[in-house]
>>> print(open('protein_10.txt').read())   # compact mmCIF, C-alpha atoms
# COMPACT_ATOMS: atom_id res chain seq x y z
CA MET A 1 4.68 -35.47 22.07
CA SER A 2 3.78 -35.07 25.71
CA ALA A 3 7.25 -33.63 26.44
CA ILE A 4 6.66 -30.82 23.92
CA ASN A 5 3.21 -30.33 25.32
CA ASN A 6 4.61 -30.00 28.83
CA LEU A 7 7.23 -27.53 27.67
CA ILE A 8 4.61 -25.36 25.99
CA VAL A 9 2.42 -25.41 29.06
CA LYS A 10 5.40 -24.53 31.24
CA ILE A 11 6.45 -21.60 29.07
CA GLY A 12 2.88 -20.38 28.85
CA ARG A 13 2.50 -20.52 32.60
CA SER A 14 5.70 -18.68 33.45
CA VAL A 15 5.12 -15.98 30.83
CA GLY A 16 1.59 -15.55 32.10
CA GLY A 17 2.94 -15.35 35.63
CA VAL A 18 5.46 -12.64 34.77
CA VAL A 19 2.96 -10.61 32.76
CA GLY A 20 0.39 -10.97 35.53
CA THR A 21 2.95 -9.80 38.08
CA LEU A 22 3.91 -6.79 35.99
CA TYR A 23 0.29 -5.90 35.45
CA GLN A 24 -0.47 -6.20 39.16
CA ALA A 25 2.61 -4.10 39.93
CA GLY A 26 1.33 -1.40 37.60
CA ARG A 27 -2.09 -1.53 39.21
CA ASP A 28 -0.51 -1.12 42.65
CA ALA A 29 1.67 1.74 41.43
CA VAL A 30 -1.27 3.68 39.98
CA ASP A 31 -3.34 2.91 43.08
CA THR A 32 -0.69 4.31 45.43
CA THR A 33 -0.22 7.32 43.21
CA ILE A 34 -3.90 8.18 43.16
CA ARG A 35 -4.59 7.45 46.80
CA ASN A 36 -1.42 8.74 48.45
CA VAL A 37 0.69 10.86 46.14
CA ILE A 38 -1.70 13.06 44.13
CA PRO A 39 -3.78 14.21 47.14
CA PHE A 40 -0.62 15.35 48.84
CA MET A 41 0.55 17.10 45.68
CA ALA A 42 -2.74 18.99 45.53
CA PHE A 43 -2.36 20.07 49.14
CA ILE A 44 1.30 21.06 48.72
CA SER A 45 0.48 22.99 45.52
CA PHE A 46 -2.08 25.04 47.40
CA ILE A 47 0.46 25.86 50.10
CA ILE A 48 3.12 26.81 47.56
CA GLY A 49 0.58 28.96 45.71
CA LEU A 50 -0.24 30.71 48.95
CA ILE A 51 3.41 31.30 49.78
CA LEU A 52 4.35 32.60 46.36
CA THR A 53 1.44 34.99 45.84
CA THR A 54 0.85 36.43 49.30
CA GLY A 55 3.07 38.09 51.87
CA VAL A 56 3.22 34.88 53.89
CA GLY A 57 6.30 33.89 51.93
CA ASP A 58 8.39 36.87 53.06
CA TRP A 59 7.28 36.38 56.62
CA ILE A 60 8.32 32.71 56.58
CA ALA A 61 11.53 33.56 54.77
CA LYS A 62 12.50 35.97 57.55
CA GLY A 63 11.78 33.36 60.19
CA LEU A 64 13.62 30.59 58.40
CA LYS A 65 16.57 32.57 57.17
CA GLY A 66 18.05 32.91 60.63
CA SER A 67 17.42 29.35 61.76
CA ALA A 68 17.75 27.21 58.65
CA SER A 69 20.94 28.64 57.22
CA THR A 70 23.23 28.17 60.21
CA LEU A 71 24.29 25.02 62.03
CA PRO A 72 23.10 26.19 65.49
CA GLY A 73 19.73 27.15 64.01
CA LEU A 74 19.30 23.72 62.45
CA LEU A 75 20.37 22.07 65.69
CA LEU A 76 17.74 24.08 67.54
CA ILE A 77 15.05 22.91 65.09
CA SER A 78 16.14 19.29 65.51
CA VAL A 79 16.18 19.49 69.33
CA VAL A 80 12.68 20.99 69.41
CA CYS A 81 11.37 18.31 67.05
CA ALA A 82 13.00 15.59 69.17
CA ILE A 83 11.53 16.60 72.54
CA PRO A 84 9.76 13.43 73.72
CA ILE A 85 6.40 15.16 74.24
CA ILE A 86 6.47 17.05 70.96
CA SER A 87 7.89 14.39 68.67
CA PRO A 88 4.86 12.02 68.70
CA LEU A 89 2.62 14.99 67.89
CA LEU A 90 4.71 15.99 64.89
CA GLY A 91 4.96 12.48 63.53
CA PRO A 92 1.65 11.43 61.93
CA GLY A 93 1.98 10.88 58.21
CA ALA A 94 5.13 12.99 58.24
CA VAL A 95 2.77 15.84 57.32
CA ILE A 96 4.70 18.45 59.30
CA ALA A 97 8.04 17.33 57.88
CA GLN A 98 6.60 17.43 54.37
CA ILE A 99 5.19 20.94 54.78
CA VAL A 100 8.36 22.30 56.37
CA GLY A 101 10.41 20.54 53.70
CA THR A 102 8.35 22.25 51.01
CA LEU A 103 8.69 25.65 52.70
CA LEU A 104 12.45 25.20 52.90
CA GLY A 105 12.48 24.05 49.27
CA VAL A 106 10.76 27.26 48.19
CA GLU A 107 13.31 29.34 50.14
CA ILE A 108 16.25 27.34 48.76
CA GLY A 109 14.84 27.88 45.26
CA LYS A 110 14.69 31.65 45.89
CA GLY A 111 18.23 31.64 47.24
CA THR A 112 17.31 32.69 50.80
CA ILE A 113 18.88 29.50 52.17
CA PRO A 114 22.18 28.28 50.67
CA ALA A 115 21.79 25.09 48.62
CA GLN A 116 24.36 23.15 50.62
CA TYR A 117 22.13 23.42 53.69
CA SER A 118 19.58 21.19 51.98
CA LEU A 119 21.27 18.05 53.35
CA PRO A 120 21.46 18.99 57.06
CA ALA A 121 17.99 20.53 56.76
CA LEU A 122 16.58 17.18 55.60
CA PHE A 123 17.72 15.72 58.93
CA ALA A 124 16.90 18.77 61.06
CA ILE A 125 13.21 18.70 60.12
CA ASN A 126 12.90 14.98 60.71
CA PRO A 127 14.15 13.70 64.10
CA GLN A 128 10.52 12.90 64.95
CA VAL A 129 10.16 10.35 62.14
CA GLY A 130 7.99 7.44 63.27
CA CYS A 131 7.68 8.66 66.87
CA ASP A 132 3.88 8.48 66.61
CA PHE A 133 4.04 4.93 65.34
CA ILE A 134 6.30 3.16 67.87
CA PRO A 135 3.68 0.88 69.51
CA VAL A 136 2.24 -0.12 66.13
CA GLY A 137 5.65 -0.60 64.58
CA LEU A 138 6.74 -2.78 67.50
CA ALA A 139 3.50 -4.75 67.31
CA LEU A 140 4.20 -5.39 63.62
CA GLY A 141 7.50 -6.89 64.79
CA GLU A 142 5.51 -9.10 67.18
CA ALA A 143 7.01 -7.47 70.28
CA GLU A 144 5.75 -8.39 73.76
CA PRO A 145 3.78 -5.73 75.70
CA GLU A 146 6.74 -5.38 78.09
CA THR A 147 9.01 -4.54 75.15
CA VAL A 148 6.58 -1.89 73.96
CA GLU A 149 6.55 -0.43 77.47
CA VAL A 150 10.31 0.16 77.48
CA GLY A 151 10.60 0.57 73.73
CA VAL A 152 8.49 3.72 73.43
CA PRO A 153 10.49 5.83 75.90
CA ALA A 154 13.77 4.27 74.70
CA VAL A 155 13.17 5.41 71.12
CA LEU A 156 11.89 8.83 72.20
CA PHE A 157 14.91 9.53 74.41
CA SER A 158 17.30 8.13 71.82
CA ARG A 159 16.00 10.75 69.37
CA LEU A 160 17.08 13.56 71.70
CA ILE A 161 20.66 12.37 71.22
CA THR A 162 20.59 11.07 67.67
CA GLY A 163 18.39 13.85 66.24
CA PRO A 164 20.91 16.68 66.71
CA LEU A 165 23.76 14.23 66.03
CA SER A 166 22.30 13.41 62.61
CA VAL A 167 22.23 17.13 61.77
CA VAL A 168 25.92 17.46 62.68
CA ILE A 169 26.84 14.41 60.58
CA ALA A 170 24.80 15.72 57.66
CA TYR A 171 26.40 19.16 58.07
CA PHE A 172 29.88 17.71 57.72
CA ALA A 173 28.74 15.47 54.88
CA SER A 174 27.41 18.50 53.01
CA PHE A 175 30.84 20.05 52.40
CA GLY A 176 31.31 20.46 48.69
CA LEU A 177 27.61 19.95 47.98
CA TYR A 178 26.41 22.46 45.36
CA SER A 179 29.19 24.84 46.33
CA LYS A 180 29.88 26.00 42.78
CA MET B 1 -6.19 36.07 26.19
CA ASN B 2 -7.45 32.52 26.28
CA LEU B 3 -10.72 31.17 27.51
CA GLN B 4 -9.23 29.44 30.55
CA SER B 5 -7.77 32.57 32.06
CA LEU B 6 -11.08 34.33 31.41
CA ILE B 7 -12.92 31.75 33.46
CA LEU B 8 -10.47 32.01 36.33
CA LEU B 9 -10.52 35.82 36.46
CA SER B 10 -6.82 35.99 35.89
CA ALA B 11 -6.49 37.70 32.52
CA ASP B 12 -3.59 40.13 32.42
CA VAL B 13 -4.98 43.59 33.02
CA THR B 14 -3.76 46.09 30.47
CA VAL B 15 -6.21 48.92 31.05
CA GLU B 16 -6.09 51.12 34.15
CA LYS B 17 -7.88 49.56 37.12
CA GLN B 18 -11.38 50.54 38.15
CA ASP B 19 -11.76 52.91 41.10
CA GLY B 20 -14.25 52.90 43.94
CA PHE B 21 -15.88 50.20 45.96
CA LEU B 22 -16.54 47.83 43.08
CA GLY B 23 -13.02 48.32 41.84
CA VAL B 24 -11.61 47.25 45.18
CA LEU B 25 -13.88 44.21 45.19
CA ALA B 26 -12.77 43.30 41.70
CA THR B 27 -9.09 43.58 42.64
CA ALA B 28 -9.70 41.46 45.73
CA ALA B 29 -11.39 38.80 43.61
CA GLU B 30 -8.46 38.74 41.23
CA ASP B 31 -5.95 38.48 44.07
CA PHE B 32 -7.98 35.67 45.57
CA ILE B 33 -7.99 33.61 42.42
CA LYS B 34 -4.29 34.34 41.81
CA VAL B 35 -3.38 32.11 44.76
CA PHE B 36 -5.12 29.16 43.17
CA ASN B 37 -3.84 29.85 39.70
CA LYS B 38 -0.31 29.73 41.05
CA GLY B 39 -1.16 26.58 43.00
CA GLY B 40 -2.59 25.03 39.84
CA GLU B 41 0.59 25.87 37.95
CA VAL B 42 2.65 24.17 40.66
CA LEU B 43 0.35 21.14 40.66
CA LEU B 44 0.62 20.80 36.90
CA SER B 45 4.41 21.00 37.02
CA LEU B 46 4.51 18.35 39.75
CA MET B 47 2.12 16.05 37.92
CA GLY B 48 3.93 16.54 34.63
CA GLY B 49 7.38 16.38 36.20
CA ILE B 50 7.81 13.65 38.76
CA LEU B 51 4.54 11.75 38.53
CA PRO B 52 5.09 9.84 35.26
CA THR B 53 8.60 8.82 36.34
CA LEU B 54 7.28 7.82 39.74
CA ILE B 55 4.53 5.60 38.32
CA VAL B 56 6.91 3.78 35.97
CA LEU B 57 9.50 3.34 38.72
CA LEU B 58 6.89 2.13 41.21
CA THR B 59 5.69 -0.41 38.67
CA ALA B 60 9.19 -1.69 37.94
CA VAL B 61 10.25 -2.02 41.58
CA ASN B 62 6.91 -3.52 42.65
CA ALA B 63 7.31 -6.13 39.92
CA LEU B 64 10.91 -6.81 40.94
CA VAL B 65 9.94 -7.29 44.59
CA ARG B 66 7.10 -9.62 43.62
CA LEU B 67 9.31 -11.69 41.31
CA ILE B 68 12.06 -12.04 43.92
CA GLY B 69 9.55 -12.72 46.67
CA ALA B 70 9.58 -10.84 49.97
CA GLU B 71 10.00 -14.08 51.95
CA LYS B 72 13.57 -14.43 50.62
CA ILE B 73 14.83 -11.87 53.11
CA GLU B 74 13.75 -13.85 56.15
CA GLY B 75 17.16 -15.55 56.34
CA LEU B 76 18.73 -12.13 56.68
CA GLY B 77 16.40 -11.39 59.60
CA ARG B 78 17.59 -14.53 61.37
CA ALA B 79 21.24 -13.64 60.75
CA ALA B 80 20.69 -10.18 62.23
CA ALA B 81 19.37 -11.69 65.45
CA ARG B 82 22.79 -13.09 66.40
CA PRO B 83 24.66 -11.48 69.27
CA GLY B 84 28.19 -10.20 68.78
CA ILE B 85 29.66 -6.98 67.54
CA GLN B 86 30.09 -8.11 63.92
CA TRP B 87 26.31 -8.45 63.53
CA TYR B 88 25.60 -4.81 64.45
CA PRO B 89 26.03 -3.52 60.89
CA VAL B 90 23.78 -6.31 59.61
CA ARG B 91 21.10 -5.53 62.16
CA TYR B 92 21.13 -1.74 61.87
CA ILE B 93 22.29 -1.10 58.30
CA VAL B 94 21.72 -4.07 56.00
CA LEU B 95 18.47 -5.38 57.47
CA PRO B 96 16.71 -1.98 57.68
CA PHE B 97 17.83 -1.13 54.13
CA VAL B 98 16.68 -4.44 52.66
CA ALA B 99 13.47 -4.46 54.72
CA VAL B 100 12.50 -0.91 53.72
CA PHE B 101 13.43 -1.56 50.09
CA MET B 102 11.59 -4.87 49.76
CA LEU B 103 8.67 -4.54 52.16
CA THR B 104 8.32 -0.71 52.15
CA ASN B 105 6.71 1.41 54.86
CA PRO B 106 5.04 0.16 57.12
CA MET B 107 5.49 -3.59 56.45
CA ALA B 108 9.27 -3.26 56.86
CA TYR B 109 8.85 -3.27 60.64
CA THR B 110 7.53 -6.85 60.53
CA MET B 111 11.15 -7.96 60.07
CA GLY B 112 11.58 -7.20 63.77
CA ARG B 113 9.86 -10.51 64.56
CA PHE B 114 13.10 -12.41 63.89
CA LEU B 115 14.99 -10.43 66.51
CA PRO B 116 15.10 -11.01 70.29
CA GLU B 117 12.89 -8.66 72.31
CA ARG B 118 15.80 -6.51 73.48
CA PHE B 119 16.72 -5.55 69.89
CA LYS B 120 13.20 -4.81 68.67
CA PRO B 121 12.89 -1.13 69.67
CA ALA B 122 16.35 -0.41 68.23
CA PHE B 123 15.50 -2.15 64.96
CA TYR B 124 12.22 -0.25 64.68
CA ASP B 125 14.04 3.02 65.33
CA SER B 126 16.64 2.17 62.73
CA ALA B 127 14.14 1.04 60.08
CA VAL B 128 11.69 3.91 60.55
CA SER B 129 14.50 6.43 60.30
CA PHE B 130 15.38 5.08 56.88
CA VAL B 131 11.98 5.49 55.20
CA HIS B 132 12.89 9.05 54.14
CA PRO B 133 16.61 8.92 53.24
CA ILE B 134 15.80 6.13 50.77
CA LEU B 135 13.29 8.34 48.90
CA GLY B 136 15.85 10.19 46.80
CA ILE B 137 16.75 7.07 44.85
CA PHE B 138 13.97 4.56 45.61
CA PRO B 139 10.73 6.51 46.05
CA HIS B 140 8.68 3.30 45.91
CA ALA B 141 9.59 2.60 49.55
CA ASN B 142 7.38 5.38 50.92
CA PRO B 143 5.53 7.26 48.18
CA GLY B 144 2.96 8.72 50.61
CA GLU B 145 5.67 10.77 52.35
CA LEU B 146 7.59 11.76 49.26
CA PHE B 147 7.58 15.47 49.99
CA VAL B 148 9.96 15.30 52.92
CA TYR B 149 12.60 14.88 50.23
CA VAL B 150 10.89 16.26 47.11
CA GLY B 151 9.93 19.51 48.87
CA ILE B 152 13.57 20.40 49.41
CA ALA B 153 14.72 18.80 46.16
CA THR B 154 12.37 21.06 44.19
CA GLY B 155 14.26 24.08 45.50
CA ILE B 156 17.59 22.57 44.44
CA GLN B 157 16.17 21.86 41.00
CA GLN B 158 15.00 25.46 40.62
CA LEU B 159 18.57 26.58 41.15
CA GLY B 160 19.58 24.41 38.20
CA TYR B 161 21.60 21.79 40.09
CA GLY B 162 21.31 18.05 39.52
CA LEU B 163 19.62 16.06 42.24
CA GLY B 164 21.97 13.07 42.13
CA ASP B 165 24.46 14.51 44.59
CA LEU B 166 21.80 15.31 47.20
CA ALA B 167 20.01 11.96 46.74
CA VAL B 168 23.19 9.92 47.14
CA ARG B 169 24.42 11.87 50.14
CA TYR B 170 20.99 11.72 51.79
CA LEU B 171 21.01 7.93 51.38
CA LEU B 172 24.58 7.49 52.67
CA VAL B 173 24.20 9.82 55.64
CA GLY B 174 20.89 8.10 56.31
CA LEU B 175 22.69 4.76 56.58
CA VAL B 176 25.23 6.19 59.04
CA VAL B 177 22.45 7.78 61.09
CA ILE B 178 20.32 4.63 61.32
CA PHE B 179 23.38 2.65 62.42
CA ILE B 180 24.10 5.11 65.24
CA ARG B 181 20.41 5.31 66.11
CA GLY B 182 20.17 1.52 66.34
CA ILE B 183 23.14 1.30 68.69
CA VAL B 184 22.04 4.21 70.91
CA THR B 185 18.47 2.93 71.20
CA GLU B 186 19.73 -0.59 71.94
CA LEU B 187 21.86 0.77 74.80
CA ILE B 188 19.00 2.82 76.22
CA THR B 189 16.61 -0.15 75.93
CA ALA B 190 19.09 -2.42 77.75
CA ARG B 191 19.43 0.12 80.54
CA MET B 192 15.66 0.51 80.90
CA ILE B 193 15.10 -3.25 80.96
CA LYS B 194 17.71 -3.57 83.71
CA LYS B 195 16.10 -0.78 85.71
CA GLY B 196 12.65 -2.32 85.34
CA ALA B 197 13.74 -5.83 86.31
>>> encode(input="protein_10.txt", output="structure tokens")
Amino acid sequence: MSAINNLIVKIGRSVGGVVGTLYQAGRDAVDTTIRNVIPFMAFISFIIGLILTTGVGDWIAKGLKGSASTLPGLLLISVVCAIPIISPLLGPGAVIAQIVGTLLGVEIGKGTIPAQYSLPALFAINPQVGCDFIPVGLALGEAEPETVEVGVPAVLFSRLITGPLSVVIAYFASFGLYSK
Amino acid sequence: MNLQSLILLSADVTVEKQDGFLGVLATAAEDFIKVFNKGGEVLLSLMGGILPTLIVLLTAVNALVRLIGAEKIEGLGRAAARPGIQWYPVRYIVLPFVAVFMLTNPMAYTMGRFLPERFKPAFYDSAVSFVHPILGIFPHANPGELFVYVGIATGIQQLGYGLGDLAVRYLLVGLVVIFIRGIVTELITARMIKKGA
């Protein structure tokens, strides 16, 4: 009798555990969505509304058309974003990358920028990723203060090389992407 | 004409516009509100389009990560700490991928604690560079910065293409880039440590 009892308790526990986990996962998901995702959507929607209804859109389109639809233009963007003084300023929350990404998305949607440039563009607008966060990120990895001291400039200088390089790799990887 | 558009001053004008000072003011008011009507339309399409999918996917992956247990990947962290050329792909491809997938941004960087000091900046560089390329397929890893990818993806979608091709290529190129980034940063770090010592 006690064996059956134990079995029932065991099943009850594990089912409860799984359901509890799923429920908590759902709670986390909705929490993140409300705190992080929807506010950014609201902000991005305003910017898109502004671009689509005012003349700002044409002005941006002219500026981006030259730079974002050629390989040298994209390389230029990536080098500027990777300059060690500028990159930590562009980093926080990836806000700049998200806005520029949205602007490019609008222009790709209108056909100003060819669709196959979407892949290299994703890398061109983002060589500064995490450059604002290096000391914190290293501290999360329990790095010594001496490591942080060399780590910050090491990552920043590495981006000057790997930023443009990533655009070139993405450019060659984009052959055949949305070409039809 | 419905009530909503009446409230927001955006009813389609079918009669000839008013002249004079007040007419200009009225037109300006309509143009002003047009910006926000368009923005509202975009917001609604975003909330109706990707948000439900995102919530369900976040729930599923969160549950999966909890059931597996994030501590299971610690062994991988220890393996990645080994010297030798065959451990480079583990350290700068497998570990960042698994860390970002399981622990998400920013807790992924805590995996650096298993590595020797000289690899830590390179691992951070590698891991942080992967928090966006992963978004196309696994948006749970960094939902707060979704629009780096979604911004551009929206344009592709408007053209009528599928997003699978872009998402997969973004992920694969991302893996190549973080591998190179890890190696380059490791070399630079080694050189700077030598110079400092």
>>> interface_residues(input="protein_10.txt", of="chain B", to="chain A", cutoff="6 Å", atoms="all atoms listed in the file", output="ChimeraX atom specification")
/B:35,38-39,42-43,55,58-59,62-63,109-110,112-113,121,128,144,147-148,151-152,154-155,158-159,177,181,185,188-189
>>> atom_distance(input="protein_10.txt", atom1="atom CA of Glu74 of chain B", atom2="atom CA of Val98 of chain B")
10.5 Å
>>> residues_near_point(input="protein_10.txt", point="(21.0, -5.1, 54.1)", cutoff="12 Å", atoms="only C-alpha atoms", output="ChimeraX atom specification")
/B:73-77,79-80,87-102,111,127,130,175,179
>>> atom_distance(input="protein_10.txt", atom1="atom CA of Pro92 of chain A", atom2="atom CA of Lys62 of chain A")
27.2 Å
>>> atom_distance(input="protein_10.txt", atom1="atom CA of Leu163 of chain B", atom2="atom CA of Ile50 of chain B")
12.5 Å
>>> axis_aligned_box(input="protein_10.txt", around="segment 71-85 of chain A", padding_each_side="4 Å", output="JSON")
{"center_x": 15.3, "center_y": 20.3, "center_z": 68.1, "size_x": 25.9, "size_y": 21.7, "size_z": 20.2}
>>> closest_residue(input="protein_10.txt", among="B:Ile85, B:Leu51, B:Val65, B:Ile134", to="Leu103 of chain B", atoms="all atoms listed in the file")
B:Val65
>>> build_atoms(input="protein_10.txt", residues="segment 71-104 of chain A", atoms="N, CA and C atoms", output="PDB file, in the coordinates of the input")
ATOM      1  N   LEU A  71      24.291  26.297  61.330  1.00  0.00           N
ATOM      2  CA  LEU A  71      24.290  25.020  62.030  1.00  0.00           C
ATOM      3  C   LEU A  71      23.566  25.100  63.378  1.00  0.00           C
ATOM      4  N   PRO A  72      23.838  26.133  64.218  1.00  0.00           N
ATOM      5  CA  PRO A  72      23.100  26.190  65.490  1.00  0.00           C
ATOM      6  C   PRO A  72      21.596  26.280  65.302  1.00  0.00           C
ATOM      7  N   GLY A  73      21.161  27.024  64.277  1.00  0.00           N
ATOM      8  CA  GLY A  73      19.730  27.150  64.010  1.00  0.00           C
ATOM      9  C   GLY A  73      19.115  25.799  63.681  1.00  0.00           C
ATOM     10  N   LEU A  74      19.803  25.049  62.822  1.00  0.00           N
ATOM     11  CA  LEU A  74      19.300  23.720  62.450  1.00  0.00           C
ATOM     12  C   LEU A  74      19.282  22.790  63.649  1.00  0.00           C
ATOM     13  N   LEU A  75      20.317  22.899  64.490  1.00  0.00           N
ATOM     14  CA  LEU A  75      20.370  22.070  65.690  1.00  0.00           C
ATOM     15  C   LEU A  75      19.181  22.379  66.594  1.00  0.00           C
ATOM     16  N   LEU A  76      18.873  23.673  66.710  1.00  0.00           N
ATOM     17  CA  LEU A  76      17.740  24.080  67.540  1.00  0.00           C
ATOM     18  C   LEU A  76      16.449  23.446  67.015  1.00  0.00           C
ATOM     19  N   ILE A  77      16.256  23.517  65.693  1.00  0.00           N
ATOM     20  CA  ILE A  77      15.050  22.910  65.090  1.00  0.00           C
ATOM     21  C   ILE A  77      14.990  21.426  65.443  1.00  0.00           C
ATOM     22  N   SER A  78      16.142  20.744  65.293  1.00  0.00           N
ATOM     23  CA  SER A  78      16.140  19.290  65.510  1.00  0.00           C
ATOM     24  C   SER A  78      15.876  18.950  66.979  1.00  0.00           C
ATOM     25  N   VAL A  79      16.420  19.764  67.906  1.00  0.00           N
ATOM     26  CA  VAL A  79      16.180  19.490  69.330  1.00  0.00           C
ATOM     27  C   VAL A  79      14.702  19.665  69.659  1.00  0.00           C
ATOM     28  N   VAL A  80      14.107  20.750  69.138  1.00  0.00           N
ATOM     29  CA  VAL A  80      12.680  20.990  69.410  1.00  0.00           C
ATOM     30  C   VAL A  80      11.837  19.841  68.874  1.00  0.00           C
ATOM     31  N   CYS A  81      12.148  19.398  67.642  1.00  0.00           N
ATOM     32  CA  CYS A  81      11.370  18.310  67.050  1.00  0.00           C
ATOM     33  C   CYS A  81      11.568  16.991  67.791  1.00  0.00           C
ATOM     34  N   ALA A  82      12.688  16.866  68.522  1.00  0.00           N
ATOM     35  CA  ALA A  82      13.000  15.590  69.170  1.00  0.00           C
ATOM     36  C   ALA A  82      12.543  15.527  70.613  1.00  0.00           C
ATOM     37  N   ILE A  83      12.006  16.625  71.155  1.00  0.00           N
ATOM     38  CA  ILE A  83      11.530  16.600  72.540  1.00  0.00           C
ATOM     39  C   ILE A  83      10.446  15.529  72.677  1.00  0.00           C
ATOM     40  N   PRO A  84      10.628  14.612  73.649  1.00  0.00           N
ATOM     41  CA  PRO A  84       9.760  13.430  73.720  1.00  0.00           C
ATOM     42  C   PRO A  84       8.255  13.697  73.770  1.00  0.00           C
ATOM     43  N   ILE A  85       7.840  14.891  74.223  1.00  0.00           N
ATOM     44  CA  ILE A  85       6.400  15.160  74.240  1.00  0.00           C
ATOM     45  C   ILE A  85       5.954  15.682  72.873  1.00  0.00           C
ATOM     46  N   ILE A  86       6.845  16.430  72.223  1.00  0.00           N
ATOM     47  CA  ILE A  86       6.470  17.050  70.960  1.00  0.00           C
ATOM     48  C   ILE A  86       6.585  16.072  69.793  1.00  0.00           C
ATOM     49  N   SER A  87       7.615  15.215  69.840  1.00  0.00           N
ATOM     50  CA  SER A  87       7.890  14.390  68.670  1.00  0.00           C
ATOM     51  C   SER A  87       6.729  13.478  68.243  1.00  0.00           C
ATOM     52  N   PRO A  88       5.988  12.838  69.184  1.00  0.00           N
ATOM     53  CA  PRO A  88       4.860  12.020  68.700  1.00  0.00           C
ATOM     54  C   PRO A  88       3.757  12.844  68.061  1.00  0.00           C
ATOM     55  N   LEU A  89       3.658  14.124  68.469  1.00  0.00           N
ATOM     56  CA  LEU A  89       2.620  14.990  67.890  1.00  0.00           C
ATOM     57  C   LEU A  89       2.977  15.417  66.481  1.00  0.00           C
ATOM     58  N   LEU A  90       4.282  15.531  66.214  1.00  0.00           N
ATOM     59  CA  LEU A  90       4.710  15.990  64.890  1.00  0.00           C
ATOM     60  C   LEU A  90       4.754  14.857  63.877  1.00  0.00           C
ATOM     61  N   GLY A  91       4.709  13.628  64.398  1.00  0.00           N
ATOM     62  CA  GLY A  91       4.960  12.480  63.530  1.00  0.00           C
ATOM     63  C   GLY A  91       3.924  12.146  62.478  1.00  0.00           C
ATOM     64  N   PRO A  92       2.621  12.097  62.805  1.00  0.00           N
ATOM     65  CA  PRO A  92       1.650  11.430  61.930  1.00  0.00           C
ATOM     66  C   PRO A  92       1.741  11.758  60.446  1.00  0.00           C
ATOM     67  N   GLY A  93       1.933  10.727  59.652  1.00  0.00           N
ATOM     68  CA  GLY A  93       1.980  10.880  58.210  1.00  0.00           C
ATOM     69  C   GLY A  93       3.116  11.727  57.697  1.00  0.00           C
ATOM     70  N   ALA A  94       4.025  12.104  58.597  1.00  0.00           N
ATOM     71  CA  ALA A  94       5.130  12.990  58.240  1.00  0.00           C
ATOM     72  C   ALA A  94       4.610  14.280  57.612  1.00  0.00           C
ATOM     73  N   VAL A  95       3.373  14.664  57.954  1.00  0.00           N
ATOM     74  CA  VAL A  95       2.770  15.840  57.320  1.00  0.00           C
ATOM     75  C   VAL A  95       3.569  17.095  57.632  1.00  0.00           C
ATOM     76  N   ILE A  96       3.947  17.258  58.915  1.00  0.00           N
ATOM     77  CA  ILE A  96       4.700  18.450  59.300  1.00  0.00           C
ATOM     78  C   ILE A  96       6.032  18.503  58.561  1.00  0.00           C
ATOM     79  N   ALA A  97       6.738  17.357  58.553  1.00  0.00           N
ATOM     80  CA  ALA A  97       8.040  17.330  57.880  1.00  0.00           C
ATOM     81  C   ALA A  97       7.885  17.653  56.405  1.00  0.00           C
ATOM     82  N   GLN A  98       6.782  17.181  55.801  1.00  0.00           N
ATOM     83  CA  GLN A  98       6.600  17.430  54.370  1.00  0.00           C
ATOM     84  C   GLN A  98       6.291  18.900  54.102  1.00  0.00           C
ATOM     85  N   ILE A  99       5.496  19.512  54.988  1.00  0.00           N
ATOM     86  CA  ILE A  99       5.190  20.940  54.780  1.00  0.00           C
ATOM     87  C   ILE A  99       6.437  21.781  54.997  1.00  0.00           C
ATOM     88  N   VAL A 100       7.150  21.512  56.107  1.00  0.00           N
ATOM     89  CA  VAL A 100       8.360  22.300  56.370  1.00  0.00           C
ATOM     90  C   VAL A 100       9.386  22.071  55.272  1.00  0.00           C
ATOM     91  N   GLY A 101       9.490  20.827  54.798  1.00  0.00           N
ATOM     92  CA  GLY A 101      10.410  20.540  53.700  1.00  0.00           C
ATOM     93  C   GLY A 101      10.066  21.361  52.469  1.00  0.00           C
ATOM     94  N   THR A 102       8.777  21.468  52.172  1.00  0.00           N
ATOM     95  CA  THR A 102       8.350  22.250  51.010  1.00  0.00           C
ATOM     96  C   THR A 102       8.651  23.732  51.192  1.00  0.00           C
ATOM     97  N   LEU A 103       8.384  24.237  52.419  1.00  0.00           N
ATOM     98  CA  LEU A 103       8.690  25.650  52.700  1.00  0.00           C
ATOM     99  C   LEU A 103      10.170  25.919  52.490  1.00  0.00           C
ATOM    100  N   LEU A 104      11.007  25.036  53.050  1.00  0.00           N
ATOM    101  CA  LEU A 104      12.450  25.200  52.900  1.00  0.00           C
ATOM    102  C   LEU A 104      12.845  25.112  51.431  1.00  0.00           C
TER     103      LEU A 104
END
